[in-house]
Amino acid sequence: MTANRALSTYLNDHLAGATAGLMLARRTARTHAGTPAEIPMGEIVEEIAADRRTLIDLQRRLGAQRSGVKAGAGWLAQKLALVKLSPLMTRDPALSRFLELEALGLGIAGKVALWSALADSLGTNPGGIDLQELVRRGERQRSVVELYRREDAKVAFASSGRSDAA
């Protein structure tokens with residue numbers, strides 16, 4: 001099977017995102033060292049790395065053309081995002097940790113959308129890859145990240161004061 005141009009483009013776009021997401025996940029795990037999120041974030045890093053390898057394998061199995069330009073763009077975009085999320089830019093390590101988790105959660109949601117779209121269009125097991133299991137794993141990753149994101153929000157915004165008025 002050879003993937004059409006639209007599918008190849010879609011897979012390359014998501015590979016760029018997966019490259020950026022893996023870099024962000026690694027950084028997020030480092031910035032959460034010594035916190036309750038440290039072990040779950042380390043596990044998520046390993047799963048995201050495995051998901052990225054699965055995407056590369058799926059591209060190969062489907063005959064999708066690989067784009068080094070898009071992969072490089074994903075790498076560069078993540079490097080720029082890491083600067084923006086840096087405590088040097090936010091001037092607040094707690095805010096940086098919160099923003100990292102928020103960005104990671106959004107990336108994981110995009111990955112779930114990828115696996116779901118592929119399952120809907122190619123079936124649940126293209127090339128022998130269980131897309132439904134990847135959807136479930138992504139949803140679990142998103143739930144874990146969301147738990148810690150909400151906890152980090154409390155810490156990051158604690159000094160902002162609380163206003164119950166809308």
# chains A, B, ... in the order shown; residues from 1 in each chain; ligands from 1
$ residues_around --residues "Ser116 of chain A" --least-positions-apart "6" --cutoff "8 Å" --atoms "only C-alpha atoms" --output "PDB file with N, CA and C atoms, in the first residue's frame"
ATOM      1  N   LEU A 131      -4.823   0.846  16.518  1.00  0.00           N
ATOM      2  CA  LEU A 131      -5.076   2.269  16.733  1.00  0.00           C
ATOM      3  C   LEU A 131      -5.990   2.522  17.929  1.00  0.00           C
ATOM      4  N   GLN A 132      -6.918   1.625  18.199  1.00  0.00           N
ATOM      5  CA  GLN A 132      -7.799   1.820  19.356  1.00  0.00           C
ATOM      6  C   GLN A 132      -6.999   1.788  20.651  1.00  0.00           C
ATOM      7  N   VAL A 135      -5.333   5.098  20.980  1.00  0.00           N
ATOM      8  CA  VAL A 135      -6.298   6.102  21.433  1.00  0.00           C
ATOM      9  C   VAL A 135      -6.469   5.998  22.945  1.00  0.00           C
TER      10      VAL A 135
END
$ atom_distance --atom1 "atom CA of Asp92 of chain A" --atom2 "atom CA of Met23 of chain A"
20.8 Å
